[in-house]
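Text of structure.txt (compact mmCIF, C-alpha atoms) as supplied:
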# COMPACT_ATOMS: atom_id res chain seq x y z
CA MET Y 13 243.22 -28.34 196.49
CA ARG Y 14 244.66 -28.33 192.97
CA LEU Y 15 243.88 -32.02 192.58
CA GLN Y 16 240.26 -31.38 193.52
CA ALA Y 17 240.07 -28.51 191.07
CA PHE Y 18 241.46 -30.62 188.24
CA ILE Y 19 239.21 -33.57 188.98
CA GLY Y 20 236.26 -31.27 189.40
CA SER Y 21 236.84 -29.66 186.02
CA LEU Y 22 236.73 -33.08 184.39
CA THR Y 23 233.86 -34.58 186.40
CA LEU Y 24 230.76 -35.29 184.39
CA SER Y 25 227.83 -33.16 185.36
CA GLY Y 26 224.27 -34.48 185.31
CA ALA Y 27 223.58 -32.79 181.98
CA ALA Y 28 226.79 -33.96 180.41
CA VAL Y 29 226.19 -37.61 181.15
CA ALA Y 30 223.43 -37.65 178.54
CA PHE Y 31 225.99 -37.02 175.81
CA SER Y 32 227.78 -40.33 175.58
CA ASP Y 33 229.68 -39.26 172.45
CA ALA Y 34 231.18 -36.13 174.04
CA THR Y 35 234.94 -35.84 174.44
CA PRO Y 36 237.35 -33.80 176.62
CA TRP Y 37 239.40 -30.79 175.54
CA ILE Y 38 242.53 -29.90 177.52
CA LEU Y 39 244.71 -26.88 176.75
CA TYR Y 40 247.41 -25.61 179.11
CA SER Y 41 250.32 -23.28 178.62
CA THR Y 42 253.32 -21.74 180.36
CA ALA Y 43 251.91 -18.36 179.37
CA SER Y 44 248.95 -16.78 181.10
CA PHE Y 45 245.87 -15.84 179.09
CA PRO Y 46 242.44 -14.42 179.92
CA SER Y 47 239.97 -16.93 181.29
CA ALA Y 48 237.79 -18.46 178.60
CA ASP Y 49 234.34 -19.94 178.99
CA THR Y 50 234.44 -22.25 182.03
CA LYS Y 51 231.30 -24.24 181.22
CA GLN Y 52 232.06 -27.96 181.22
CA LEU Y 53 229.59 -28.72 178.43
CA GLN Y 54 230.26 -26.87 175.20
CA THR Y 55 229.84 -27.42 171.50
CA SER Y 56 232.80 -28.06 169.23
CA SER Y 57 232.34 -24.71 167.48
CA ASP Y 58 232.45 -22.80 170.79
CA VAL Y 59 235.54 -24.70 171.92
CA LEU Y 60 237.36 -23.98 168.66
CA THR Y 61 236.42 -20.30 168.86
CA ASN Y 62 237.77 -19.97 172.41
CA THR Y 63 240.92 -21.94 171.55
CA LYS Y 64 241.69 -19.80 168.51
CA ASP Y 65 241.16 -16.69 170.60
CA ILE Y 66 243.86 -17.95 173.00
CA LEU Y 67 246.26 -19.05 170.28
CA SER Y 68 245.83 -15.85 168.26
CA ARG Y 69 248.06 -14.09 170.80
CA CYS Y 70 250.90 -16.56 170.11
CA PRO Y 71 251.48 -17.08 173.84
CA THR Y 72 254.53 -19.39 173.52
CA ASP Y 73 257.23 -20.48 171.10
CA HIS Y 74 256.58 -24.22 171.13
CA TYR Y 75 253.24 -26.01 170.60
CA VAL Y 76 252.26 -29.64 171.02
CA PHE Y 77 248.95 -30.75 169.51
CA ALA Y 78 248.11 -34.30 170.64
CA THR Y 79 245.12 -36.35 169.50
CA GLN Y 80 243.80 -39.36 171.42
CA PRO Y 81 241.23 -41.48 169.55
CA GLY Y 82 238.44 -42.86 171.72
CA MET Y 83 239.24 -40.90 174.90
CA ILE Y 84 236.43 -39.68 177.16
CA ALA Y 85 236.47 -37.55 180.29
CA ALA Y 86 236.01 -40.61 182.50
CA ASP Y 87 239.38 -41.93 181.33
CA ILE Y 88 241.12 -38.89 182.76
CA HIS Y 89 239.40 -38.41 186.11
CA HIS Y 90 239.26 -42.17 186.74
CA ASN Y 91 241.49 -43.23 189.63
CA GLU Y 92 242.08 -39.55 190.48
CA GLY Y 93 244.22 -38.97 187.40
CA LEU Y 94 246.78 -41.67 188.20
CA ASP Y 95 246.20 -43.34 184.82
CA MET Y 96 247.89 -40.31 183.22
CA PRO Y 97 250.36 -39.11 185.86
CA SER Y 98 252.35 -36.84 183.56
CA LEU Y 99 249.25 -34.99 182.41
CA HIS Y 100 247.97 -34.81 185.97
CA HIS Y 101 251.27 -33.39 187.21
CA SER Y 102 251.49 -30.84 184.41
CA VAL Y 103 248.00 -29.46 185.01
CA THR Y 104 247.95 -29.51 188.81
CA LEU Y 105 251.53 -29.41 190.15
CA ASP Y 106 253.81 -27.97 187.46
CA GLU Y 107 254.69 -24.44 188.53
CA ARG Y 108 255.49 -23.55 184.91
CA ILE Y 109 251.84 -23.81 183.85
CA GLN Y 110 250.14 -20.41 184.05
CA GLY Y 111 247.13 -20.75 181.78
CA LYS Y 112 244.50 -23.48 181.43
CA TYR Y 113 241.43 -24.03 179.30
CA ILE Y 114 239.75 -27.37 180.11
CA VAL Y 115 236.33 -28.56 178.94
CA SER Y 116 235.22 -32.00 180.12
CA GLU Y 117 232.51 -32.55 177.50
CA VAL Y 118 232.69 -31.28 173.92
CA VAL Y 119 229.60 -32.09 171.89
CA GLY Y 120 230.16 -32.58 168.17
CA ASP Y 121 232.99 -33.78 166.02
CA ILE Y 122 236.20 -31.76 165.94
CA MET Y 123 236.57 -31.23 162.22
CA ASP Y 124 239.80 -30.19 160.52
CA SER Y 125 240.21 -26.79 162.13
CA ASN Y 126 243.73 -26.34 160.70
CA LEU Y 127 245.12 -25.14 164.02
CA VAL Y 128 248.71 -25.64 162.87
CA LYS Y 129 248.36 -23.12 160.07
CA PHE Y 130 246.40 -20.81 162.35
CA VAL Y 131 249.16 -20.77 164.99
CA LYS Y 132 251.96 -20.20 162.48
CA THR Y 133 250.04 -17.34 160.86
CA ALA Y 134 249.22 -15.73 164.22
CA CYS Y 135 252.83 -15.97 165.43
CA SER Y 136 254.19 -14.56 162.18
CA GLN Y 137 251.92 -11.53 162.65
CA HIS Y 138 253.51 -11.05 166.08
CA GLY Y 139 257.01 -11.39 164.65
CA LYS Y 140 257.59 -14.88 166.09
CA GLN Y 141 258.43 -18.23 164.56
CA ALA Y 142 256.32 -20.95 166.16
CA VAL Y 143 257.38 -24.59 166.36
CA VAL Y 144 254.35 -26.88 166.13
CA GLU Y 145 254.61 -30.59 166.90
CA LEU Y 146 251.83 -33.04 166.10
CA VAL Y 147 251.50 -36.15 168.28
CA SER Y 148 249.08 -38.92 167.28
CA LEU Y 149 248.55 -41.19 170.26
CA GLY Y 150 247.41 -44.77 169.90
CA GLN Y 151 243.73 -45.61 169.91
CA LEU Y 152 242.33 -46.74 173.23
CA PRO Y 153 241.07 -50.35 173.28
CA GLN Y 154 237.83 -51.45 174.87
CA GLU Y 155 239.74 -53.36 177.54
CA ASP Y 156 242.92 -52.46 179.46
CA ARG Y 157 242.34 -48.76 178.82
CA ALA Y 158 244.37 -47.79 181.89
CA GLU Y 159 247.51 -49.44 180.51
CA ALA Y 160 247.05 -47.81 177.10
CA LEU Y 161 246.52 -44.42 178.74
CA LEU Y 162 249.72 -44.86 180.74
CA VAL Y 163 251.72 -45.61 177.58
CA ASN Y 164 250.26 -42.59 175.77
CA ASP Y 165 250.89 -40.43 178.84
CA ARG Y 166 254.59 -41.33 178.71
CA ILE Y 167 254.75 -40.37 175.04
CA LEU Y 168 253.12 -37.03 175.76
CA GLY Y 169 255.31 -36.46 178.83
CA GLU Y 170 258.47 -36.84 176.75
CA ARG Y 171 257.44 -33.86 174.65
CA ILE Y 172 256.94 -31.46 177.58
CA GLY Y 173 259.32 -32.76 180.26
CA LYS Y 174 261.65 -30.40 182.06
CA GLU Y 175 264.61 -32.36 180.74
CA ASN Y 176 263.85 -30.99 177.27
CA GLY Y 177 264.71 -27.51 178.49
CA ARG Y 178 261.51 -25.98 177.12
CA ASP Y 179 260.21 -23.19 179.28
CA SER Y 180 257.72 -21.78 176.77
CA PHE Y 181 255.20 -24.26 175.43
CA THR Y 182 251.49 -24.82 174.92
CA VAL Y 183 249.88 -28.25 174.93
CA LEU Y 184 246.51 -29.15 173.42
CA LEU Y 185 245.13 -32.64 174.04
CA TYR Y 186 241.78 -33.57 172.54
CA ALA Y 187 239.96 -36.75 171.58
CA THR Y 188 238.91 -37.88 168.14
CA ARG Y 189 236.48 -40.50 166.95
CA PRO Y 190 237.86 -44.05 167.21
CA GLU Y 191 238.20 -45.93 163.96
CA PRO Y 192 235.62 -48.72 163.79
CA ALA Y 193 236.98 -52.25 163.78
CA TYR Y 194 236.35 -54.03 160.51
CA GLU Y 195 235.10 -57.58 160.70
CA ALA Y 196 234.27 -59.51 157.55
CA GLN Y 197 231.08 -61.54 157.93
CA PHE Y 198 230.20 -62.24 154.34
CA GLY Y 199 229.83 -66.01 154.85
CA ASP Y 200 227.34 -65.71 157.69
CA ALA Y 201 225.34 -63.11 155.81
CA VAL Y 202 225.11 -65.28 152.70
CA HIS Y 203 224.06 -68.33 154.70
CA GLN Y 204 221.51 -66.29 156.57
CA ASP Y 205 220.04 -64.92 153.33
CA LEU Y 206 219.85 -68.43 151.88
CA ARG Y 207 218.12 -69.75 154.97
CA ARG Y 208 215.69 -66.84 154.88
CA ALA Y 209 214.95 -67.37 151.19
CA THR Y 210 214.41 -71.12 151.71
CA HIS Y 211 212.14 -70.50 154.63
CA GLU Y 212 210.09 -67.92 152.74
CA SER Y 213 209.77 -70.11 149.62
CA SER Y 214 208.64 -73.13 151.61
CA ALA Y 215 206.16 -71.05 153.57
CA HIS Y 216 204.39 -69.66 150.45
CA VAL Y 217 204.18 -72.88 148.35
CA GLU Y 218 200.55 -74.08 148.04
CA LYS Y 219 199.22 -77.01 146.04
CA ASP Y 220 197.14 -76.01 143.00
CA ASN Y 221 194.08 -78.28 142.66
CA ARG Y 222 192.45 -76.55 139.69
CA PRO Y 223 191.44 -78.57 136.56
CA LEU Y 224 193.98 -78.96 133.76
CA PHE Y 225 192.34 -76.52 131.31
CA GLU Y 226 191.94 -73.90 134.01
CA LYS Y 227 195.51 -74.19 135.26
CA TYR Y 228 197.19 -73.98 131.80
CA GLN Y 229 196.41 -71.88 128.72
CA PHE Y 230 196.53 -74.00 125.57
CA PHE Y 231 195.22 -71.49 122.99
CA THR Y 232 197.49 -68.45 123.16
CA PRO Y 233 197.61 -65.51 120.73
CA GLY Y 234 200.81 -66.91 119.20
CA ILE Y 235 199.17 -70.27 118.50
CA PHE Y 236 196.14 -68.50 116.99
CA MET Y 237 198.29 -66.43 114.60
CA GLY Y 238 200.25 -69.55 113.59
CA ILE Y 239 197.05 -71.43 112.72
CA ILE Y 240 195.70 -68.55 110.60
CA THR Y 241 199.02 -68.27 108.74
CA ALA Y 242 199.08 -72.03 108.11
CA ILE Y 243 195.56 -71.94 106.71
CA VAL Y 244 196.47 -69.16 104.27
CA LEU Y 245 199.65 -70.93 103.10
CA PHE Y 246 197.94 -74.29 102.66
CA SER Y 247 195.15 -72.58 100.70
CA ILE Y 248 197.72 -71.10 98.30
CA LEU Y 249 199.43 -74.48 97.99
CA GLY Y 250 196.11 -76.17 97.25
CA VAL Y 251 195.24 -73.67 94.55
CA GLY Y 252 198.63 -74.17 92.95
CA ILE Y 253 198.36 -77.95 92.96
CA LYS Y 254 194.83 -77.75 91.56
CA ALA Y 255 196.01 -75.43 88.78
CA LEU Y 256 198.81 -77.81 87.83
CA GLY Y 257 196.40 -80.75 87.81
CA SER Y 258 193.96 -78.97 85.47
CA LEU Y 259 196.47 -78.66 82.64
CA GLU Y 260 195.39 -80.79 79.55
CA VAL Y 261 197.98 -81.60 76.90
CA SER Y 262 197.29 -84.04 73.99
CA TYR Y 263 199.60 -86.93 73.37
CA GLY Y 264 200.28 -85.67 69.86
CA ALA Y 265 202.16 -82.69 71.23
CA PHE Y 266 204.96 -85.00 72.31
CA GLU Y 267 205.26 -86.90 68.94
CA LYS Y 268 207.97 -85.98 66.42
CA GLU Y 269 206.71 -84.66 63.12
CA MET Y 270 207.90 -86.77 60.20
CA GLY Y 271 205.95 -85.15 57.38
CA PRO Y 272 207.13 -82.86 54.49
CA ALA Y 273 206.59 -79.76 56.64
CA ALA Y 274 209.01 -81.01 59.31
CA GLN Y 275 211.67 -81.78 56.62
CA LYS Y 276 211.36 -78.28 55.23
CA LYS Y 277 211.91 -76.86 58.71
CA GLN Y 278 215.07 -78.94 59.15
CA GLN Y 279 216.42 -77.65 55.80
What does the file become when written as structure tokens?
Amino acid sequence: MRLQAFIGSLTLSGAAVAFSDATPWILYSTASFPSADTKQLQTSSDVLTNTKDILSRCPTDHYVFATQPGMIAADIHHNEGLDMPSLHHSVTLDERIQGKYIVSEVVGDIMDSNLVKFVKTACSQHGKQAVVELVSLGQLPQEDRAEALLVNDRILGERIGKENGRDSFTVLLYATRPEPAYEAQFGDAVHQDLRRATHESSAHVEKDNRPLFEKYQFFTPGIFMGIITAIVLFSILGVGIKALGSLEVSYGAFEKEMGPAAQKKQQ
């Protein structure tokens, strides 16, 4: 009966299947607390509000907050929970567990809600000193997810096993967005761009059959200004040469005076 209840709480409903990016939210505790919203499709803000309402009472002394990147509800209820036996046993068969808050589909990203600080503040207001342990489980691969879930289940089970002697604890397991795999493909992109550019250039090239004087412009504004400037400069040069050529000097101007007047000047 308990197994059916656990599997049923994590089974995707017809409305929840449409949200492929939704993730599960599992909170269970050795302390009892009032029943929260039991709808299996909730928004991240509603889930955080209900969770903080439970944790505000500081129900236990020890807290384990575990994050599992890439986990979905199908990973948990697949194979009737045998992929995560420790989690399945804790939720369905462990007589220590008195309170549960399980949502199979949470729509929206779980932002940094700062639950660690919230729990410590709430417990200090109740005169308690809470011990909070953060567990970051490995990201689930696309293949062999069952094996990865089993490994992560063992890690989580070590934190809450009976051999640890902890009789007062609260566990929160929720999924986060998987980190995208980075693959460098610069070479293929460059080659593809070059092929595209070559194809486009060859497709738009057309032969120009226009006459020579229609295809090219031989008399540009720069050439026109250069011709006008040359005409002005050559005109000035011509006037100068003509002025020099019009000078008339008698041959006598270059002869040395030998008369009495020239001797008086020398004295």
Kindly indicate which residue among Y:Ile109, Y:Ala85, Y:Met96, Y:Val144 lies nearest to Y:Asp165, using only C-alpha atoms for the distances. Y:Met96
Looking at Y:Ile84, Y:Val163, Y:Leu53, Y:Ile239, which one is nearest to Y:Tyr186, with distances taken over only C-alpha atoms?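 Counting only C-alpha atoms, the residue closest to Y:Tyr186 is Y:Ile84.
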Between Y:Asp87, Y:Asp65, Y:Glu170, Y:Glu260, which has the minimum distance to Y:Ala158 (counting all atoms listed in the file)?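 Ranking Y:Asp87, Y:Asp65, Y:Glu170, Y:Glu260 by distance to Y:Ala158, first place goes to Y:Asp87.
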Name the closest residue to Y:Tyr113 among the candidates Y:His138, Y:Lys64, Y:His74, Y:Lys227; distances are taken between atoms, counting all atoms listed in the file.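 The shortest atom-to-atom distance to Y:Tyr113 comes from Y:Lys64.
Atom CA of Y:Pro97 to atom CA of Y:Met83 spans 15.7 Å [interatomic distance, one decimal].
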Around stretch 37-56 of chain Y, fit a box with edges along x, y and z, padding it by 4 Å on each side, then list its centre and edge lengths in Å to one decimal as AutoDock Vina command-line options.
--center_x 241.5 --center_y -22.6 --center_z 175.6 --size_x 31.7 --size_y 24.4 --size_z 20.8
Considering only C-alpha atoms, can you say which of Y:Gln137, Y:Asn126, Y:Thr188, Y:Thr61 comes closest to Y:Leu152?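 Between Y:Gln137, Y:Asn126, Y:Thr188, Y:Thr61, the residue approaching Y:Leu152 most closely is Y:Thr188.
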Pick from Y:Val244, Y:Ala160, Y:Ile172, Y:Leu149 nearest to Y:Val103, counting only C-alpha atoms: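 The shortest atom-to-atom distance to Y:Val103 comes from Y:Ile172.
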In Å, how far is it from atom CA of Y:Ile66 to atom CA of Y:Leu99? 20.2 Å
For atom CA of Y:Ser136 and atom CA of Y:Tyr40, quote the distance in Å rounded to one decimal.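 Value for the atom CA of Y:Ser136-atom CA of Y:Tyr40 distance: 21.3 Å.
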